[in-house]
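Engineer: Take a look at entry39.cif, mmCIF, C-alpha atoms and all ligand atoms:
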data_target
loop_
_atom_site.group_PDB
_atom_site.id
_atom_site.type_symbol
_atom_site.label_atom_id
_atom_site.label_comp_id
_atom_site.auth_asym_id
_atom_site.auth_seq_id
_atom_site.Cartn_x
_atom_site.Cartn_y
_atom_site.Cartn_z
ATOM 1 C CA MET A 1 -10.109 18.809 6.484
ATOM 2 C CA TYR A 2 -8.894 15.902 4.366
ATOM 3 C CA ARG A 3 -5.312 16.168 5.564
ATOM 4 C CA LYS A 4 -5.344 12.937 7.521
ATOM 5 C CA PHE A 5 -6.370 11.045 4.388
ATOM 6 C CA LEU A 6 -3.979 12.635 1.888
ATOM 7 C CA PRO A 7 -1.346 10.227 0.587
ATOM 8 C CA ASP A 8 2.208 11.535 0.401
ATOM 9 C CA TYR A 9 2.457 10.157 -3.141
ATOM 10 C CA TYR A 10 -0.094 9.110 -5.706
ATOM 11 C CA ASP A 11 0.967 6.847 -8.563
ATOM 12 C CA HIS A 12 -1.007 5.012 -11.201
ATOM 13 C CA THR A 13 0.773 1.691 -10.823
ATOM 14 C CA LEU A 14 3.180 -0.112 -8.556
ATOM 15 C CA ALA A 15 5.756 -0.080 -11.368
ATOM 16 C CA GLU A 16 6.146 3.680 -10.891
ATOM 17 C CA ILE A 17 7.299 3.114 -7.315
ATOM 18 C CA THR A 18 10.894 2.188 -8.045
ATOM 19 C CA PRO A 19 13.604 1.030 -5.632
ATOM 20 C CA GLU A 20 15.558 4.169 -6.594
ATOM 21 C CA ARG A 21 12.711 6.444 -5.505
ATOM 22 C CA LEU A 22 12.207 4.557 -2.246
ATOM 23 C CA THR A 23 15.900 4.574 -1.461
ATOM 24 C CA ALA A 24 16.116 8.313 -2.158
ATOM 25 C CA LEU A 25 13.323 8.800 0.381
ATOM 26 C CA GLY A 26 15.202 6.759 2.979
ATOM 27 C CA ILE A 27 12.630 3.933 2.854
ATOM 28 C CA HIS A 28 14.010 0.565 4.011
ATOM 29 C CA ALA A 29 10.748 -1.295 4.574
ATOM 30 C CA LEU A 30 7.355 -1.564 2.892
ATOM 31 C CA VAL A 31 4.037 -2.520 4.411
ATOM 32 C CA MET A 32 1.844 -3.422 1.463
ATOM 33 C CA ASP A 33 -1.758 -4.085 0.654
ATOM 34 C CA ILE A 34 -2.268 -7.003 -1.794
ATOM 35 C CA ASP A 35 -5.678 -6.844 -3.464
ATOM 36 C CA ASN A 36 -5.869 -4.368 -6.328
ATOM 37 C CA THR A 37 -2.489 -2.950 -5.273
ATOM 38 C CA VAL A 38 -0.141 -5.786 -6.300
ATOM 39 C CA VAL A 39 -2.566 -8.035 -8.202
ATOM 40 C CA THR A 40 -6.320 -8.197 -8.837
ATOM 41 C CA TYR A 41 -8.694 -10.126 -6.600
ATOM 42 C CA ASP A 42 -8.681 -12.782 -9.337
ATOM 43 C CA ASP A 43 -4.939 -13.530 -9.143
ATOM 44 C CA PRO A 44 -4.306 -16.130 -6.430
ATOM 45 C CA GLU A 45 -0.534 -15.870 -6.942
ATOM 46 C CA PRO A 46 1.935 -13.110 -7.863
ATOM 47 C CA THR A 47 2.041 -12.333 -11.585
ATOM 48 C CA PRO A 48 5.448 -12.350 -13.341
ATOM 49 C CA ALA A 49 5.386 -8.533 -13.299
ATOM 50 C CA ALA A 50 4.709 -8.459 -9.571
ATOM 51 C CA ARG A 51 7.451 -11.006 -8.974
ATOM 52 C CA ALA A 52 9.938 -8.903 -10.960
ATOM 53 C CA TRP A 53 8.976 -5.839 -8.938
ATOM 54 C CA PHE A 54 9.530 -7.684 -5.639
ATOM 55 C CA ASP A 55 12.892 -8.981 -6.898
ATOM 56 C CA ALA A 56 14.039 -5.431 -7.688
ATOM 57 C CA ILE A 57 12.831 -4.194 -4.297
ATOM 58 C CA ALA A 58 14.652 -7.008 -2.490
ATOM 59 C CA ALA A 59 17.818 -6.385 -4.519
ATOM 60 C CA ALA A 60 17.796 -2.808 -3.196
ATOM 61 C CA GLY A 61 17.741 -4.157 0.350
ATOM 62 C CA ILE A 62 14.167 -3.028 1.029
ATOM 63 C CA ARG A 63 12.110 -5.354 3.200
ATOM 64 C CA VAL A 64 8.475 -6.163 2.439
ATOM 65 C CA ALA A 65 5.484 -7.233 4.529
ATOM 66 C CA PHE A 66 1.833 -7.714 3.535
ATOM 67 C CA VAL A 67 -1.032 -6.241 5.485
ATOM 68 C CA SER A 68 -4.415 -7.311 4.159
ATOM 69 C CA ASN A 69 -8.002 -7.065 5.327
ATOM 70 C CA ASN A 70 -8.729 -10.229 3.335
ATOM 71 C CA GLU A 71 -8.886 -13.805 4.648
ATOM 72 C CA TRP A 72 -5.811 -15.736 5.745
ATOM 73 C CA GLU A 73 -6.256 -18.366 2.994
ATOM 74 C CA ARG A 74 -5.927 -15.686 0.301
ATOM 75 C CA VAL A 75 -2.935 -13.997 1.909
ATOM 76 C CA GLU A 76 -1.146 -17.297 2.614
ATOM 77 C CA ARG A 77 -1.545 -18.613 -0.931
ATOM 78 C CA PHE A 78 -0.456 -15.328 -2.487
ATOM 79 C CA ASN A 79 2.564 -15.075 -0.201
ATOM 80 C CA ARG A 80 3.572 -18.768 -0.282
ATOM 81 C CA SER A 81 6.316 -18.362 -2.891
ATOM 82 C CA LEU A 82 7.443 -14.978 -1.532
ATOM 83 C CA GLY A 83 7.543 -15.780 2.161
ATOM 84 C CA PHE A 84 7.266 -12.227 3.502
ATOM 85 C CA PRO A 85 5.872 -11.402 6.933
ATOM 86 C CA ALA A 86 2.111 -11.137 6.451
ATOM 87 C CA LYS A 87 -1.005 -10.228 8.349
ATOM 88 C CA ALA A 88 -4.529 -11.163 7.208
ATOM 89 C CA LYS A 89 -7.838 -9.730 8.489
ATOM 90 C CA SER A 90 -5.847 -6.742 9.630
ATOM 91 C CA GLY A 91 -8.840 -4.447 10.072
ATOM 92 C CA LYS A 92 -7.187 -1.428 8.410
ATOM 93 C CA PRO A 93 -7.533 1.494 9.182
ATOM 94 C CA LEU A 94 -6.672 -0.071 12.549
ATOM 95 C CA ILE A 95 -2.897 -0.219 12.857
ATOM 96 C CA GLY A 96 -2.263 -3.171 15.192
ATOM 97 C CA GLY A 97 -1.312 -5.419 12.259
ATOM 98 C CA ILE A 98 1.002 -2.804 10.772
ATOM 99 C CA ARG A 99 2.762 -2.336 14.125
ATOM 100 C CA GLN A 100 3.288 -6.110 14.465
ATOM 101 C CA LEU A 101 4.782 -6.366 10.978
ATOM 102 C CA MET A 102 7.082 -3.409 11.592
ATOM 103 C CA ALA A 103 8.320 -4.994 14.803
ATOM 104 C CA GLU A 104 8.943 -8.210 12.870
ATOM 105 C CA MET A 105 10.948 -6.294 10.245
ATOM 106 C CA ASP A 106 12.634 -4.129 12.876
ATOM 107 C CA ALA A 107 11.409 -1.114 10.875
ATOM 108 C CA ALA A 108 11.093 2.448 12.157
ATOM 109 C CA PRO A 109 8.165 4.623 10.952
ATOM 110 C CA ALA A 110 10.512 7.221 9.446
ATOM 111 C CA HIS A 111 11.990 4.558 7.146
ATOM 112 C CA THR A 112 8.796 2.653 6.324
ATOM 113 C CA ALA A 113 6.237 3.262 3.603
ATOM 114 C CA LEU A 114 2.752 1.899 3.150
ATOM 115 C CA ILE A 115 1.487 1.163 -0.366
ATOM 116 C CA GLY A 116 -2.223 0.622 -1.017
ATOM 117 C CA ASP A 117 -5.126 1.376 -3.322
ATOM 118 C CA GLN A 118 -7.695 2.616 -0.814
ATOM 119 C CA ILE A 119 -7.732 5.914 0.998
ATOM 120 C CA PHE A 120 -9.964 5.101 3.952
ATOM 121 C CA THR A 121 -8.281 1.824 4.807
ATOM 122 C CA ASP A 122 -4.697 1.784 3.478
ATOM 123 C CA VAL A 123 -3.674 5.438 3.411
ATOM 124 C CA TRP A 124 -5.450 6.304 6.626
ATOM 125 C CA ALA A 125 -3.838 3.353 8.441
ATOM 126 C CA GLY A 126 -0.403 4.291 7.109
ATOM 127 C CA LYS A 127 -0.792 7.874 8.216
ATOM 128 C CA ARG A 128 -2.017 6.836 11.648
ATOM 129 C CA ALA A 129 1.080 4.648 11.987
ATOM 130 C CA GLY A 130 3.307 7.600 11.035
ATOM 131 C CA LEU A 131 4.469 6.089 7.724
ATOM 132 C CA THR A 132 5.131 7.570 4.308
ATOM 133 C CA THR A 133 2.085 6.686 2.202
ATOM 134 C CA PHE A 134 1.764 5.755 -1.470
ATOM 135 C CA LEU A 135 -1.648 5.485 -3.083
ATOM 136 C CA VAL A 136 -1.930 3.570 -6.372
ATOM 137 C CA ASP A 137 -4.889 3.204 -8.706
ATOM 138 C CA PRO A 138 -6.789 -0.030 -8.060
ATOM 139 C CA ILE A 139 -5.712 -2.523 -10.729
ATOM 140 C CA LYS A 140 -9.266 -3.603 -11.336
ATOM 141 C CA ASP A 141 -12.150 -2.201 -9.374
ATOM 142 C CA LYS A 142 -14.764 -4.592 -8.138
ATOM 143 C CA ARG A 143 -17.911 -3.543 -9.931
ATOM 144 C CA THR A 144 -20.129 -3.670 -6.874
ATOM 145 C CA ALA A 145 -22.294 -0.859 -5.592
ATOM 146 C CA PHE A 146 -20.287 -0.862 -2.354
ATOM 147 C CA PHE A 147 -16.996 -0.280 -4.146
ATOM 148 C CA ARG A 148 -18.467 2.425 -6.347
ATOM 149 C CA PHE A 149 -19.757 4.081 -3.196
ATOM 150 C CA LYS A 150 -16.288 3.988 -1.639
ATOM 151 C CA ARG A 151 -14.705 5.472 -4.778
ATOM 152 C CA ALA A 152 -17.255 8.292 -4.748
ATOM 153 C CA LEU A 153 -16.288 9.057 -1.156
ATOM 154 C CA GLU A 154 -12.624 9.198 -2.152
ATOM 155 C CA LYS A 155 -13.121 11.809 -4.877
ATOM 156 C CA PRO A 156 -13.020 14.919 -2.663
ATOM 157 C CA VAL A 157 -9.868 13.607 -1.005
ATOM 158 C CA MET A 158 -8.162 13.220 -4.376
ATOM 159 C CA ARG A 159 -9.224 16.739 -5.332
ATOM 160 C CA ALA A 160 -7.619 17.997 -2.123
ATOM 161 C CA TYR A 161 -4.481 16.001 -2.962
ATOM 162 C CA ARG A 162 -4.200 17.581 -6.415
ATOM 163 C CA LYS A 163 -4.738 21.044 -4.963
ATOM 164 C CA LYS A 164 -1.948 20.456 -2.451
ATOM 165 C CA GLN A 165 0.345 19.239 -5.254
ATOM 166 C CA GLN A 166 -0.355 22.373 -7.302
ATOM 167 C CA LYS A 167 0.368 24.579 -4.318
ATOM 168 C CA GLU A 168 3.664 22.797 -3.675
ATOM 169 C CA ARG A 169 4.734 23.242 -7.291
ATOM 170 C CA LYS A 170 4.264 27.023 -7.172
HETATM 171 MG MG MG B 201 -6.694 -3.131 -1.830
#
Take the structure I supplied and represent it as structure tokens, if you would.
Structural biologist:
Amino acid sequence: MYRKFLPDYYDHTLAEITPERLTALGIHALVMDIDNTVVTYDDPEPTPAARAWFDAIAAAGIRVAFVSNNEWERVERFNRSLGFPAKAKSGKPLIGGIRQLMAEMDAAPAHTALIGDQIFTDVWAGKRAGLTTFLVDPIKDKRTAFFRFKRALEKPVMRAYRKKQQKERK
């Protein structure tokens, strides 16, 4: 029942998603969420750790694009020093923005991964676009009732994910 929401991989942080792992999976391009995936909502620019991660990814020849549901001003400022293809107000789980970015990167679904912190926007969009999907823990959850509500909705999906993992290990 939750299959269409199950990420292919679940990691705690972006740091665990290494260029070596991506390369072994045949991934040449990344379509990435920004907020709570790369940095918190409170970081207007990439942190040194994020910058180092992007450097390592680029050194491995993996292309990066940002797909955000946030405003253009936020995305533009965050991306200014990086200069990757980027799409703001993308309306994930809609996949129009993802498709545009992939065309810009000349990336095929089989060689593209989506990385995000939300199941019903990021992971679902990635799966709909036929991409490999990585879910990470949100760096810092917004403490609003709306966000808590969304996290509560995600719980059964994560249970299904763990069950699937256990089955695969047997
Ligand atoms: Mg996010």
Engineer: Restricting the calculation to all atoms listed in the file: of A:Leu22, A:Val38, A:Leu135, A:Met158, which residue gets closest to A:Ile57?
Structural biologist: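 Comparing A:Leu22, A:Val38, A:Leu135, A:Met158 against A:Ile57, the winner is A:Leu22.
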Engineer: Tell me which residues come within 12 Å of (-1.0, 8.0, 2.2), as an MDAnalysis selection string, counting only C-alpha atoms in the file's coordinates.
Structural biologist: chainID A and resid 2:11 31:32 93 112:136 157:158 161
Engineer: Would you mind exporting the chosen residues as a tab-separated table (two decimals), keeping the file's coordinate frame, restricted to C-alpha atoms?
Structural biologist:
chain	number	residue	atom	x	y	z
A	2	TYR	CA	-8.89	15.90	4.37
A	3	ARG	CA	-5.31	16.17	5.56
A	4	LYS	CA	-5.34	12.94	7.52
A	5	PHE	CA	-6.37	11.04	4.39
A	6	LEU	CA	-3.98	12.64	1.89
A	7	PRO	CA	-1.35	10.23	0.59
A	8	ASP	CA	2.21	11.54	0.40
A	9	TYR	CA	2.46	10.16	-3.14
A	10	TYR	CA	-0.09	9.11	-5.71
A	11	ASP	CA	0.97	6.85	-8.56
A	31	VAL	CA	4.04	-2.52	4.41
A	32	MET	CA	1.84	-3.42	1.46
A	93	PRO	CA	-7.53	1.49	9.18
A	112	THR	CA	8.80	2.65	6.32
A	113	ALA	CA	6.24	3.26	3.60
A	114	LEU	CA	2.75	1.90	3.15
A	115	ILE	CA	1.49	1.16	-0.37
A	116	GLY	CA	-2.22	0.62	-1.02
A	117	ASP	CA	-5.13	1.38	-3.32
A	118	GLN	CA	-7.70	2.62	-0.81
A	119	ILE	CA	-7.73	5.91	1.00
A	120	PHE	CA	-9.96	5.10	3.95
A	121	THR	CA	-8.28	1.82	4.81
A	122	ASP	CA	-4.70	1.78	3.48
A	123	VAL	CA	-3.67	5.44	3.41
A	124	TRP	CA	-5.45	6.30	6.63
A	125	ALA	CA	-3.84	3.35	8.44
A	126	GLY	CA	-0.40	4.29	7.11
A	127	LYS	CA	-0.79	7.87	8.22
A	128	ARG	CA	-2.02	6.84	11.65
A	129	ALA	CA	1.08	4.65	11.99
A	130	GLY	CA	3.31	7.60	11.04
A	131	LEU	CA	4.47	6.09	7.72
A	132	THR	CA	5.13	7.57	4.31
A	133	THR	CA	2.08	6.69	2.20
A	134	PHE	CA	1.76	5.76	-1.47
A	135	LEU	CA	-1.65	5.48	-3.08
A	136	VAL	CA	-1.93	3.57	-6.37
A	157	VAL	CA	-9.87	13.61	-1.00
A	158	MET	CA	-8.16	13.22	-4.38
A	161	TYR	CA	-4.48	16.00	-2.96
Engineer: Apply the PyMOL selection byres (((chain A and resi 34) around 8) and not hetatm) to the file shown and report the selected residues as a PyMOL selection string.
Structural biologist: chain A and resi 32-33+35-39+66-68+75+116
Engineer: When you draw a straight line from atom CA of A:Glu168 to atom CA of A:Ala29, how long is it in Å?
Structural biologist: 26.4 Å
Engineer: What do you get, as an NGL selection string, if you spell out every residue that the PyMOL selection byres (((chain A and resi 60) around 9) and not hetatm) selects here?
Structural biologist: :A and (19-20 or 23 or 28 or 55-59 or 61-63)
Engineer: Just so I have it separately, write stretch 102-136 of chain A from the block I sent, keeping N, CA and C atoms, as a tab-separated table (two decimals), in the first residue's frame.
Structural biologist:
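Wrote it out as part_5.tsv, contents follow:
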chain	number	residue	atom	x	y	z
A	102	MET	N	16.21	17.83	-15.29
A	102	MET	CA	16.87	16.68	-15.89
A	102	MET	C	17.20	16.94	-17.35
A	103	ALA	N	16.30	17.63	-18.03
A	103	ALA	CA	16.56	17.98	-19.44
A	103	ALA	C	17.77	18.91	-19.50
A	104	GLU	N	17.82	19.86	-18.54
A	104	GLU	CA	18.93	20.81	-18.50
A	104	GLU	C	20.26	20.10	-18.25
A	105	MET	N	20.22	19.04	-17.43
A	105	MET	CA	21.45	18.30	-17.11
A	105	MET	C	21.69	17.17	-18.10
A	106	ASP	N	20.77	16.97	-19.03
A	106	ASP	CA	20.84	15.86	-19.96
A	106	ASP	C	20.94	14.53	-19.19
A	107	ALA	N	20.09	14.38	-18.19
A	107	ALA	CA	20.14	13.23	-17.28
A	107	ALA	C	18.99	12.27	-17.54
A	108	ALA	N	19.30	10.99	-17.60
A	108	ALA	CA	18.28	9.96	-17.78
A	108	ALA	C	17.81	9.46	-16.41
A	109	PRO	N	16.53	9.10	-16.28
A	109	PRO	CA	16.00	8.64	-14.98
A	109	PRO	C	16.83	7.51	-14.36
A	110	ALA	N	17.29	6.58	-15.18
A	110	ALA	CA	18.02	5.43	-14.64
A	110	ALA	C	19.34	5.83	-13.98
A	111	HIS	N	19.84	7.02	-14.32
A	111	HIS	CA	21.13	7.47	-13.78
A	111	HIS	C	20.98	8.70	-12.90
A	112	THR	N	19.76	8.96	-12.43
A	112	THR	CA	19.49	10.16	-11.63
A	112	THR	C	18.87	9.77	-10.30
A	113	ALA	N	19.31	10.43	-9.25
A	113	ALA	CA	18.73	10.18	-7.93
A	113	ALA	C	18.15	11.47	-7.37
A	114	LEU	N	17.09	11.33	-6.61
A	114	LEU	CA	16.52	12.45	-5.88
A	114	LEU	C	16.87	12.29	-4.41
A	115	ILE	N	17.29	13.39	-3.77
A	115	ILE	CA	17.57	13.36	-2.34
A	115	ILE	C	16.69	14.40	-1.66
A	116	GLY	N	15.95	13.97	-0.62
A	116	GLY	CA	15.08	14.90	0.09
A	116	GLY	C	14.73	14.39	1.47
A	117	ASP	N	14.09	15.26	2.26
A	117	ASP	CA	13.77	14.90	3.64
A	117	ASP	C	12.29	14.62	3.85
A	118	GLN	N	11.48	14.74	2.81
A	118	GLN	CA	10.05	14.54	3.01
A	118	GLN	C	9.50	13.47	2.07
A	119	ILE	N	8.71	12.59	2.65
A	119	ILE	CA	8.19	11.46	1.89
A	119	ILE	C	7.13	11.89	0.88
A	120	PHE	N	6.18	12.71	1.33
A	120	PHE	CA	5.03	12.99	0.46
A	120	PHE	C	5.27	14.13	-0.53
A	121	THR	N	6.43	14.74	-0.47
A	121	THR	CA	6.78	15.70	-1.52
A	121	THR	C	7.99	15.16	-2.28
A	122	ASP	N	9.14	15.03	-1.60
A	122	ASP	CA	10.38	14.67	-2.28
A	122	ASP	C	10.38	13.24	-2.81
A	123	VAL	N	10.19	12.28	-1.90
A	123	VAL	CA	10.29	10.88	-2.33
A	123	VAL	C	9.22	10.54	-3.36
A	124	TRP	N	8.01	11.00	-3.09
A	124	TRP	CA	6.92	10.68	-4.01
A	124	TRP	C	7.21	11.26	-5.40
A	125	ALA	N	7.68	12.51	-5.44
A	125	ALA	CA	8.01	13.13	-6.73
A	125	ALA	C	9.10	12.33	-7.44
A	126	GLY	N	10.14	11.96	-6.70
A	126	GLY	CA	11.24	11.21	-7.30
A	126	GLY	C	10.78	9.89	-7.87
A	127	LYS	N	9.90	9.23	-7.12
A	127	LYS	CA	9.41	7.93	-7.61
A	127	LYS	C	8.53	8.11	-8.84
A	128	ARG	N	7.72	9.16	-8.83
A	128	ARG	CA	6.86	9.42	-9.99
A	128	ARG	C	7.70	9.72	-11.23
A	129	ALA	N	8.87	10.32	-11.01
A	129	ALA	CA	9.74	10.66	-12.15
A	129	ALA	C	10.63	9.48	-12.54
A	130	GLY	N	10.50	8.36	-11.82
A	130	GLY	CA	11.27	7.16	-12.16
A	130	GLY	C	12.72	7.20	-11.71
A	131	LEU	N	12.99	7.99	-10.64
A	131	LEU	CA	14.37	8.14	-10.15
A	131	LEU	C	14.66	7.23	-8.97
A	132	THR	N	15.93	7.02	-8.69
A	132	THR	CA	16.34	6.39	-7.44
A	132	THR	C	16.13	7.44	-6.34
A	133	THR	N	15.58	7.01	-5.20
A	133	THR	CA	15.25	8.01	-4.18
A	133	THR	C	16.00	7.77	-2.87
A	134	PHE	N	16.53	8.85	-2.32
A	134	PHE	CA	17.19	8.84	-1.02
A	134	PHE	C	16.42	9.74	-0.07
A	135	LEU	N	15.99	9.18	1.05
A	135	LEU	CA	15.38	9.99	2.10
A	135	LEU	C	16.41	10.22	3.20
A	136	VAL	N	16.53	11.48	3.66
A	136	VAL	CA	17.41	11.76	4.80
A	136	VAL	C	16.56	12.32	5.94
